[in-house]
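Written out below as structure tokens is the structure these notes cover.
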Amino acid sequence: MNSVQLFDIIFYVLAATVLASASIVVFSRNIVYAAFSLLFTLFGVAGLYVLLNADFLAITQLMVYVGGILVLILFGVMLTNKVVSVDIKTGTLQVVPAAILVVLTAGILCSIILATHWLGAGTTDFLVVKTTAPKIGEALITTHMLLFEVASVVLLVAIIGAAMIARREKTQ
Amino acid sequence: MTQSLLLQLSVAVLFLPLVSFLILIFFGKKLARQSDVIGIFLNGAALALSVTILYAKVNFFHDELLNFTFTWISLGNVTLIGPLKFDLGIMIDNLTAVMLVVVTLISFLVNLFSSKYMEGDIRFSRYYANLGLFSFSMLGIVIANNFLSMYIFWELVGLSSYLLIGHWYEKKSASDASKKAFVVNRVGDFGFLIGILVLWANYHTLTYEGVYAAIGSGMIPFQSAWWMTASGLLIFCGAVGKSAQFPLHVWLPDAMEGPTPVSALIHAATMVAAGVYLIARTFPMLTADALMVIAYVGAITAFISATIAIAQTDIKKVLAYSTVSQLGYMVMGLGVGAFSAGTMHLVTHAAFKAGLFLGAGSVIHAMHNALHHAHDHHTDAQDIMNMGGLRKKMPITFWTFVMFTLAISGVPLTSGFLSKDEILAGTLAYGSLTGHMLIPIIGFLVAGLTAFYMFRIVILAFMGDHKDPSRLEHVHESPLAMTLPLMLLAALSFFAFYSLNPIGASSGWFFHAIERPATVVPLDMAAASTEIFEEALHHAHNTAMLFSLLVAGTGILLSFLTYHWKKISADAVAESMAPVHKFLLNKWYFDELYDATAVAGVKGIAALFAWFDGKIVDGIVNGAGSVTKMGAVVSGKFDSIVVDGFVNLTATVAGTFGLVLRKVQTGRVQSYIVFAILGIVVLFFFYRAV
Amino acid sequence: MALHVSLQHFLIVSAVLFSLGLFAVVTRRNAIMVLMGIELILNSANINFLAFSRYNGLQIDGQMAAIFVIILAAAEAAVGLAIVLNIFKNFNTVNVDEISAMKQ
């Protein structure tokens, strides 16, 4: 079993994990289940990142999504459902048309992907590289300096905005 | 004494009566009794100036024509015609000077007479104001040197005549008479106006001088001999109206509804003479044919009205018909070419006819007072059958009246004899020259009739016995203000004022001053020349005098036989010729004839127009209204059904679509996402092939 | 040595993940579930970025884009959840179909 075969195996395992858990997220009636299932999806996606030689992003994924967003979501779930009511199930809307359209969309996307002639036929060599973090760091302070700064402003605004919106009015 | 001074004086004469009119019409009521003083004084001043003018004119400028012209309106250079302007002005020749004296004299005497006659009248000051207006207008006619201002004053005279006839407008007969006078005059004036327009169209000038000069240079209207005659006759139409010639004579007898002094002034002496004056003024442009027509019109008028006068019993009516008859004489005289005789008869007639009217006024005044005293309101104060024996009570009136009657009858030593004799001689000369012997025959016949009916008045009114002796007790002679004019006019009825030769006027100053003007019409159209006429006249003169004395004497004799000595019974004659008597009594049925033809015709046309207006015009208007209304209803229906329907349909369609489309607008973001995805899918299938 | 797993494999996984996220966004009534669907979509986008980056000779640009996506996702999650909380506070529900105050 060489590294390529191992890569294949890991890929399929991760892909299956991602799709399965995502399906649970989507189709689960229980929002708490969905949230926890999302945890696995995010982990799977992070694994895929690793396969794609993006180690820094994989870590970032874990830290931001799992450590931040998912917690936020769980908090949201808890804050928006009455503590006394155990019913935290979620209803669905317009399932049939949505399903048809989504399946159509998926089919279209897949047919495009398969029909497109990709650069180098969509293949690449197996590479063993060191971490990409130094490259990213270098890029962030050189070529993508503006984006970096803008992102920081966006985050600041988001923090202030979120706090502002969610703040409970004292005088009411 | 220069020419310009004379012209200035004549302007003063013209405007003095106007001043009188203006003062009296605006302040007359405040002046109360003083109105007559203003009228008498200003007219007296005008008379004095007129006499001065006549004296100066005849003595110093005998053969000169004093003329003053100014441009009233200048139209500049008119395309195709050239310079065009309206000239006005004044002109004094001997005829004008004589007429100025005649008008102002009669006017002054009438003003004087009226101060007593009209005493106590409710519109005393207005009466005097209108007299002033009349004098102004009449003088304006006389003094004008062009047809335009003559026409203006001509109409002003008509207006003042209307105002004075209708002075007692509370009386229906008076207001009717004033309207009749005005309307009948309008008929004649219409012809006059057309005549003026014909002249204007041809010569672009309206001064006598300009027109006659143009005709004299051979330019006849529209290059047609026919139009030459017609233009003269059209202008003569004005004279027919004003001078009450047949067939427009019907207004004058009715005009006697006005105050008697007014009748004397306007309807006997001056205004009616305006027509004669007009003929005299236009004499140079009248063709032989036109003159013949004029002569016949005059003759017919003289005959008709003389016959009517015989049967009338109202003293003023008799005098009115007598006036018409004498005017016919004048017109006839001018028509035959006896220019000086015709104008002289105008002047002499003005004096004695004014006197006759004023005398009649005096009689009526006295009768009226007597009847009033006896509380008799039924007896007609003007009917000669109710008079008689006034001779003793009113000697001055009687003797002056006799003088006037002798004058009008053409008895020697009177002014009337001179002028009438000359006219008759003229007609005889004309008859011998042209063969129209009917005219002299009528002339002599009328002279006899005139003597007959005038003496009838004298005998019936003044001689014999009064019907009601007790009434006679209260008849008194009129005051001096009334008798003085009578005496003055009686004096003026003597021959000496006109010619020192009692049997021939032609040697007198009048004939010398007023000579027949040379004709300007081309010779082949003109009447017999003055020389030929004079020659014929000379031959005819003695015959004419003989005949005229004969007929006058016969008329007077018959009158005395019938009414004084009762040898002939007037009633018996009337009985034996009952239809004729009735015919004459009803004035030849002229009024009835005009009622049946002209008036009825006009009324018929009016009714036709009224019908047309009521049925057709109104029908069209109402029809248009109905159609419009129907159109409005249809349009309204169209609006409410089609237009509104369309609008509502649009709204309904939009609303329906809205209702449908609102389903799509669910307000749910997720639905929108679904549609967005759908859009993407559709777009994909759209561009898939590319 | 070439990999058996080609670009298309990643892309298909990404496409399916996107479709699932989309389905969640469209059908779920709960606002938090909608947010979770959005996270799935963003993750699928990130997979695409990284896959293109990797299969184009390991370029760094794709990773930079992915980083910004993650940053925006974090901001979005924070603001989104704040909004959800506010909505809950005002409407006492987080079901998006019930929040239709702007609907007539």
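We label chains A, B, ... in the order they appear in the structure tokens, count residues from 1 in each chain, and number ligands from 1 in the order shown.
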Give me the chain B side of the contact with chain A, cut-off 7 Å, one line per residue showing its nearest atom pair and distance in Å at one decimal, counting only C-alpha atoms, sorted by chain and residue number, as JSON lines.
```
{"residue": "B:Val674", "atom": "CA", "partner": "A:Ala98", "partner_atom": "CA", "distance": 6.6}
{"residue": "B:Leu678", "atom": "CA", "partner": "A:Leu101", "partner_atom": "CA", "distance": 6.7}
{"residue": "B:Val681", "atom": "CA", "partner": "A:Thr105", "partner_atom": "CA", "distance": 6.7}
```
Give me the chain B side of the contact with chain C, cut-off 12 Å, one line per residue showing its nearest atom pair and distance in Å at one decimal, counting only C-alpha atoms, sorted by chain and residue number, as CSV.
```
residue,atom,partner,partner_atom,distance
B:Leu659,CA,C:Gln104,CA,11.7
B:Arg662,CA,C:Gln104,CA,9.2
B:Lys663,CA,C:Lys103,CA,10.8
B:Val664,CA,C:Lys103,CA,11.3
B:Gln665,CA,C:Lys103,CA,8.0
B:Thr666,CA,C:Lys103,CA,6.9
B:Gly667,CA,C:Lys103,CA,5.1
B:Arg668,CA,C:Asp97,CA,5.8
B:Val669,CA,C:Val96,CA,8.0
B:Gln670,CA,C:Val26,CA,5.0
B:Ser671,CA,C:Val26,CA,7.3
B:Tyr672,CA,C:Val26,CA,9.0
B:Ile673,CA,C:Val26,CA,6.7
B:Val674,CA,C:Val26,CA,6.7
B:Phe675,CA,C:Val26,CA,10.3
B:Ala676,CA,C:Val26,CA,10.9
B:Ile677,CA,C:Leu22,CA,9.4
```
Okay, now the selection with N, CA and C atoms, as a PDB file, in the first residue's frame?
```
ATOM      1  N   LEU B 659     -52.814  40.310  -8.048  1.00  0.00           N
ATOM      2  CA  LEU B 659     -53.275  39.252  -7.132  1.00  0.00           C
ATOM      3  C   LEU B 659     -52.524  37.956  -7.398  1.00  0.00           C
ATOM      4  N   ARG B 662     -48.884  38.375  -6.492  1.00  0.00           N
ATOM      5  CA  ARG B 662     -48.649  38.548  -5.069  1.00  0.00           C
ATOM      6  C   ARG B 662     -48.358  37.217  -4.396  1.00  0.00           C
ATOM      7  N   LYS B 663     -48.939  36.192  -5.002  1.00  0.00           N
ATOM      8  CA  LYS B 663     -48.693  34.852  -4.477  1.00  0.00           C
ATOM      9  C   LYS B 663     -47.204  34.551  -4.510  1.00  0.00           C
ATOM     10  N   VAL B 664     -46.576  35.054  -5.580  1.00  0.00           N
ATOM     11  CA  VAL B 664     -45.142  34.818  -5.721  1.00  0.00           C
ATOM     12  C   VAL B 664     -44.374  35.601  -4.680  1.00  0.00           C
ATOM     13  N   GLN B 665     -44.874  36.839  -4.444  1.00  0.00           N
ATOM     14  CA  GLN B 665     -44.174  37.684  -3.464  1.00  0.00           C
ATOM     15  C   GLN B 665     -44.582  37.245  -2.068  1.00  0.00           C
ATOM     16  N   THR B 666     -44.002  36.169  -1.626  1.00  0.00           N
ATOM     17  CA  THR B 666     -44.433  35.599  -0.339  1.00  0.00           C
ATOM     18  C   THR B 666     -43.847  36.334   0.834  1.00  0.00           C
ATOM     19  N   GLY B 667     -42.773  37.085   0.585  1.00  0.00           N
ATOM     20  CA  GLY B 667     -42.106  37.749   1.689  1.00  0.00           C
ATOM     21  C   GLY B 667     -41.115  36.805   2.358  1.00  0.00           C
ATOM     22  N   ARG B 668     -41.022  35.597   1.851  1.00  0.00           N
ATOM     23  CA  ARG B 668     -40.061  34.633   2.448  1.00  0.00           C
ATOM     24  C   ARG B 668     -38.811  34.591   1.584  1.00  0.00           C
ATOM     25  N   VAL B 669     -37.695  34.833   2.178  1.00  0.00           N
ATOM     26  CA  VAL B 669     -36.433  34.881   1.450  1.00  0.00           C
ATOM     27  C   VAL B 669     -36.173  33.551   0.762  1.00  0.00           C
ATOM     28  N   GLN B 670     -36.576  32.498   1.401  1.00  0.00           N
ATOM     29  CA  GLN B 670     -36.281  31.169   0.867  1.00  0.00           C
ATOM     30  C   GLN B 670     -36.982  30.935  -0.458  1.00  0.00           C
ATOM     31  N   SER B 671     -38.221  31.453  -0.548  1.00  0.00           N
ATOM     32  CA  SER B 671     -38.916  31.340  -1.832  1.00  0.00           C
ATOM     33  C   SER B 671     -38.141  32.046  -2.928  1.00  0.00           C
ATOM     34  N   TYR B 672     -37.632  33.202  -2.547  1.00  0.00           N
ATOM     35  CA  TYR B 672     -36.874  33.954  -3.548  1.00  0.00           C
ATOM     36  C   TYR B 672     -35.635  33.179  -3.956  1.00  0.00           C
ATOM     37  N   ILE B 673     -35.026  32.559  -3.015  1.00  0.00           N
ATOM     38  CA  ILE B 673     -33.832  31.769  -3.352  1.00  0.00           C
ATOM     39  C   ILE B 673     -34.201  30.660  -4.314  1.00  0.00           C
ATOM     40  N   VAL B 674     -35.348  30.052  -4.054  1.00  0.00           N
ATOM     41  CA  VAL B 674     -35.805  28.985  -4.944  1.00  0.00           C
ATOM     42  C   VAL B 674     -35.951  29.505  -6.356  1.00  0.00           C
ATOM     43  N   PHE B 675     -36.570  30.717  -6.445  1.00  0.00           N
ATOM     44  CA  PHE B 675     -36.738  31.288  -7.789  1.00  0.00           C
ATOM     45  C   PHE B 675     -35.396  31.613  -8.402  1.00  0.00           C
ATOM     46  N   ALA B 676     -34.486  32.100  -7.558  1.00  0.00           N
ATOM     47  CA  ALA B 676     -33.162  32.424  -8.077  1.00  0.00           C
ATOM     48  C   ALA B 676     -32.489  31.170  -8.624  1.00  0.00           C
ATOM     49  N   ILE B 677     -32.606  30.089  -7.890  1.00  0.00           N
ATOM     50  CA  ILE B 677     -32.015  28.834  -8.358  1.00  0.00           C
ATOM     51  C   ILE B 677     -32.670  28.397  -9.651  1.00  0.00           C
TER      52      ILE B 677
END
```
Tell me the residues of chain C close to chain A, meaning within 6 Å using only C-alpha atoms, as a PyMOL selection string. chain C and resi 1-3+6-7+19+24+27-30+54-55+75+78-79+82+86
Please produce a file of the residues just selected, as a PDB file, in the first residue's frame, where the atoms kept are C-alpha atoms.
```pdb
ATOM      1  CA  MET C   1       3.621   9.708  -9.014  1.00  0.00           C
ATOM      2  CA  ALA C   2       0.192  10.904 -10.044  1.00  0.00           C
ATOM      3  CA  LEU C   3      -2.703  10.796  -7.684  1.00  0.00           C
ATOM      4  CA  SER C   6      -8.424  13.875  -9.520  1.00  0.00           C
ATOM      5  CA  LEU C   7      -9.708  17.436  -9.361  1.00  0.00           C
ATOM      6  CA  SER C  19     -26.364  21.202  -2.950  1.00  0.00           C
ATOM      7  CA  ALA C  24     -30.914  23.378   3.969  1.00  0.00           C
ATOM      8  CA  THR C  27     -36.186  24.282   3.086  1.00  0.00           C
ATOM      9  CA  ARG C  28     -35.413  24.871   6.746  1.00  0.00           C
ATOM     10  CA  ARG C  29     -37.721  27.072   8.768  1.00  0.00           C
ATOM     11  CA  ASN C  30     -35.327  27.562  11.589  1.00  0.00           C
ATOM     12  CA  ARG C  54      -3.691  22.392  -5.367  1.00  0.00           C
ATOM     13  CA  TYR C  55      -4.263  21.037  -8.851  1.00  0.00           C
ATOM     14  CA  ALA C  75     -18.153  37.544  10.663  1.00  0.00           C
ATOM     15  CA  ALA C  78     -21.443  36.401  14.394  1.00  0.00           C
ATOM     16  CA  VAL C  79     -23.701  39.016  12.773  1.00  0.00           C
ATOM     17  CA  ALA C  82     -26.906  38.371  16.531  1.00  0.00           C
ATOM     18  CA  ASN C  86     -32.713  40.043  17.874  1.00  0.00           C
TER      19      ASN C  86
END
```
Run DSSP on the backbone of this structure and report the residues of chain A it assigns to strand (DSSP E or B), as a ChimeraX atom specification. /A:30,89,92,125
Could you write out the selected residues, including N, CA and C atoms, as a PDB file, in the first residue's frame?
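Saved file out39.pdb follows:
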```pdb
ATOM      1  N   ASN A  30     -33.852  17.284  14.270  1.00  0.00           N
ATOM      2  CA  ASN A  30     -33.425  17.840  15.551  1.00  0.00           C
ATOM      3  C   ASN A  30     -32.262  18.774  15.327  1.00  0.00           C
ATOM      4  N   LYS A  89     -37.094  20.834  17.527  1.00  0.00           N
ATOM      5  CA  LYS A  89     -37.137  20.354  16.152  1.00  0.00           C
ATOM      6  C   LYS A  89     -37.373  21.532  15.202  1.00  0.00           C
ATOM      7  N   THR A  92     -39.878  22.024   7.963  1.00  0.00           N
ATOM      8  CA  THR A  92     -39.338  22.233   6.619  1.00  0.00           C
ATOM      9  C   THR A  92     -40.394  22.920   5.735  1.00  0.00           C
ATOM     10  N   ASP A 125       0.655  15.384  -9.298  1.00  0.00           N
ATOM     11  CA  ASP A 125       1.538  14.408  -8.620  1.00  0.00           C
ATOM     12  C   ASP A 125       1.368  14.481  -7.119  1.00  0.00           C
TER      13      ASP A 125
END
```
Residue list (helix (DSSP H, G or I), DSSP) for chain C, as an NGL selection string: :C and (7-27 or 31-55 or 61-91)
For the residues in that selection, give me C-alpha atoms as a PDB file, in the first residue's frame.
```
ATOM      1  CA  LEU C   7      -9.708  17.436  -9.361  1.00  0.00           C
ATOM      2  CA  GLN C   8     -13.119  16.215 -10.354  1.00  0.00           C
ATOM      3  CA  HIS C   9     -13.399  14.113  -7.232  1.00  0.00           C
ATOM      4  CA  PHE C  10     -12.954  17.119  -5.008  1.00  0.00           C
ATOM      5  CA  LEU C  11     -15.222  19.193  -7.124  1.00  0.00           C
ATOM      6  CA  ILE C  12     -17.982  16.625  -7.002  1.00  0.00           C
ATOM      7  CA  VAL C  13     -17.720  16.356  -3.256  1.00  0.00           C
ATOM      8  CA  SER C  14     -17.859  20.131  -3.152  1.00  0.00           C
ATOM      9  CA  ALA C  15     -20.856  20.211  -5.515  1.00  0.00           C
ATOM     10  CA  VAL C  16     -22.804  17.736  -3.459  1.00  0.00           C
ATOM     11  CA  LEU C  17     -21.935  19.584  -0.278  1.00  0.00           C
ATOM     12  CA  PHE C  18     -23.104  22.809  -1.926  1.00  0.00           C
ATOM     13  CA  SER C  19     -26.364  21.202  -2.950  1.00  0.00           C
ATOM     14  CA  LEU C  20     -26.957  19.930   0.536  1.00  0.00           C
ATOM     15  CA  GLY C  21     -26.272  23.370   1.966  1.00  0.00           C
ATOM     16  CA  LEU C  22     -28.541  24.929  -0.549  1.00  0.00           C
ATOM     17  CA  PHE C  23     -31.266  22.482   0.321  1.00  0.00           C
ATOM     18  CA  ALA C  24     -30.914  23.378   3.969  1.00  0.00           C
ATOM     19  CA  VAL C  25     -31.055  27.084   3.228  1.00  0.00           C
ATOM     20  CA  VAL C  26     -34.149  26.703   1.091  1.00  0.00           C
ATOM     21  CA  THR C  27     -36.186  24.282   3.086  1.00  0.00           C
ATOM     22  CA  ALA C  31     -33.009  30.498  11.041  1.00  0.00           C
ATOM     23  CA  ILE C  32     -30.128  28.719  12.709  1.00  0.00           C
ATOM     24  CA  MET C  33     -30.504  25.784  10.376  1.00  0.00           C
ATOM     25  CA  VAL C  34     -30.396  28.243   7.493  1.00  0.00           C
ATOM     26  CA  LEU C  35     -27.149  29.581   8.885  1.00  0.00           C
ATOM     27  CA  MET C  36     -25.778  26.062   9.101  1.00  0.00           C
ATOM     28  CA  GLY C  37     -26.704  25.557   5.435  1.00  0.00           C
ATOM     29  CA  ILE C  38     -24.770  28.674   4.598  1.00  0.00           C
ATOM     30  CA  GLU C  39     -21.744  27.277   6.455  1.00  0.00           C
ATOM     31  CA  LEU C  40     -21.942  24.144   4.343  1.00  0.00           C
ATOM     32  CA  ILE C  41     -22.066  26.207   1.166  1.00  0.00           C
ATOM     33  CA  LEU C  42     -19.084  28.259   2.271  1.00  0.00           C
ATOM     34  CA  ASN C  43     -17.165  25.078   3.084  1.00  0.00           C
ATOM     35  CA  SER C  44     -17.909  23.678  -0.331  1.00  0.00           C
ATOM     36  CA  ALA C  45     -16.629  26.873  -1.855  1.00  0.00           C
ATOM     37  CA  ASN C  46     -13.483  26.584   0.207  1.00  0.00           C
ATOM     38  CA  ILE C  47     -12.939  23.028  -0.984  1.00  0.00           C
ATOM     39  CA  ASN C  48     -13.183  24.302  -4.532  1.00  0.00           C
ATOM     40  CA  PHE C  49     -10.662  27.077  -3.923  1.00  0.00           C
ATOM     41  CA  LEU C  50      -8.173  24.726  -2.334  1.00  0.00           C
ATOM     42  CA  ALA C  51      -8.674  22.034  -4.965  1.00  0.00           C
ATOM     43  CA  PHE C  52      -8.072  24.462  -7.826  1.00  0.00           C
ATOM     44  CA  SER C  53      -5.108  25.839  -5.927  1.00  0.00           C
ATOM     45  CA  ARG C  54      -3.691  22.392  -5.367  1.00  0.00           C
ATOM     46  CA  TYR C  55      -4.263  21.037  -8.851  1.00  0.00           C
ATOM     47  CA  ASP C  61      -3.689  32.293  -4.086  1.00  0.00           C
ATOM     48  CA  GLY C  62      -6.476  29.776  -3.564  1.00  0.00           C
ATOM     49  CA  GLN C  63      -5.513  29.395   0.066  1.00  0.00           C
ATOM     50  CA  MET C  64      -5.577  33.179   0.500  1.00  0.00           C
ATOM     51  CA  ALA C  65      -9.098  33.276  -0.884  1.00  0.00           C
ATOM     52  CA  ALA C  66     -10.098  30.465   1.412  1.00  0.00           C
ATOM     53  CA  ILE C  67      -8.726  32.321   4.404  1.00  0.00           C
ATOM     54  CA  PHE C  68     -10.864  35.320   3.548  1.00  0.00           C
ATOM     55  CA  VAL C  69     -13.863  33.096   3.098  1.00  0.00           C
ATOM     56  CA  ILE C  70     -13.305  31.734   6.572  1.00  0.00           C
ATOM     57  CA  ILE C  71     -12.919  35.238   7.944  1.00  0.00           C
ATOM     58  CA  LEU C  72     -16.163  36.310   6.276  1.00  0.00           C
ATOM     59  CA  ALA C  73     -17.850  33.162   7.501  1.00  0.00           C
ATOM     60  CA  ALA C  74     -16.876  34.004  11.027  1.00  0.00           C
ATOM     61  CA  ALA C  75     -18.153  37.544  10.663  1.00  0.00           C
ATOM     62  CA  GLU C  76     -21.281  36.303   8.993  1.00  0.00           C
ATOM     63  CA  ALA C  77     -21.928  33.817  11.708  1.00  0.00           C
ATOM     64  CA  ALA C  78     -21.443  36.401  14.394  1.00  0.00           C
ATOM     65  CA  VAL C  79     -23.701  39.016  12.773  1.00  0.00           C
ATOM     66  CA  GLY C  80     -26.194  36.422  11.587  1.00  0.00           C
ATOM     67  CA  LEU C  81     -26.607  34.940  14.981  1.00  0.00           C
ATOM     68  CA  ALA C  82     -26.906  38.371  16.531  1.00  0.00           C
ATOM     69  CA  ILE C  83     -29.693  39.107  14.072  1.00  0.00           C
ATOM     70  CA  VAL C  84     -31.319  35.805  14.883  1.00  0.00           C
ATOM     71  CA  LEU C  85     -31.241  36.637  18.542  1.00  0.00           C
ATOM     72  CA  ASN C  86     -32.713  40.043  17.874  1.00  0.00           C
ATOM     73  CA  ILE C  87     -35.467  38.529  15.764  1.00  0.00           C
ATOM     74  CA  PHE C  88     -36.222  36.070  18.511  1.00  0.00           C
ATOM     75  CA  LYS C  89     -36.396  38.885  20.943  1.00  0.00           C
ATOM     76  CA  ASN C  90     -38.882  40.834  18.777  1.00  0.00           C
ATOM     77  CA  PHE C  91     -40.970  38.048  17.281  1.00  0.00           C
TER      78      PHE C  91
END
```
Give me the residues of segment 182-245 of chain B that have any atom at most 9 Å from an atom of segment 510-530 of chain B; for each, the nearest atom pair and the distance in Å, rounded to one decimal. Use only C-alpha atoms, sort by chain and number, and format it as a tab-separated table.
```
residue	atom	partner	partner_atom	distance
B:Tyr212	CA	B:Val520	CA	6.3
B:Ala213	CA	B:Val520	CA	7.7
B:Ala214	CA	B:Val520	CA	8.9
B:Ile215	CA	B:Val520	CA	6.1
B:Gly216	CA	B:Val520	CA	4.6
B:Ser217	CA	B:Val520	CA	8.3
B:Gly218	CA	B:Pro522	CA	6.6
B:Ile220	CA	B:Val521	CA	7.9
B:Ala225	CA	B:Met525	CA	7.5
B:Met228	CA	B:Val521	CA	8.2
B:Thr229	CA	B:Met525	CA	8.6
```
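If you look at atom CA of Tyr277 of chain B and atom CA of Met99 of chain B, they are 8.6 Å away from each other.
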Mind giving me the straight-line distance from atom CA of Trp509 of chain B to atom CA of Glu534 of chain B in Å, one decimal? 17.2 Å
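Put simply, atom CA of Gly44 of chain B is 22.7 Å away from atom CA of Leu163 of chain B.
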Skipping near chain neighbours, those fewer than 5 positions away, what residues fall within 7 Å of Phe153 of chain B using only C-alpha atoms, listed as an MDAnalysis selection string? chainID B and resid 137:138 140:141
Residues as selected, N, CA and C atoms, written as a CSV table (one decimal), in the first residue's frame, can you do that?
```csv
chain,number,residue,atom,x,y,z
B,137,SER,N,-79.2,123.7,-37.9
B,137,SER,CA,-79.1,122.7,-39.0
B,137,SER,C,-79.5,123.3,-40.3
B,138,MET,N,-80.5,124.1,-40.3
B,138,MET,CA,-81.0,124.7,-41.5
B,138,MET,C,-80.0,125.6,-42.1
B,140,GLY,N,-76.9,125.4,-41.6
B,140,GLY,CA,-75.8,124.6,-42.1
B,140,GLY,C,-76.0,124.1,-43.5
B,141,ILE,N,-77.3,123.7,-43.8
B,141,ILE,CA,-77.6,123.3,-45.1
B,141,ILE,C,-77.3,124.4,-46.1
```
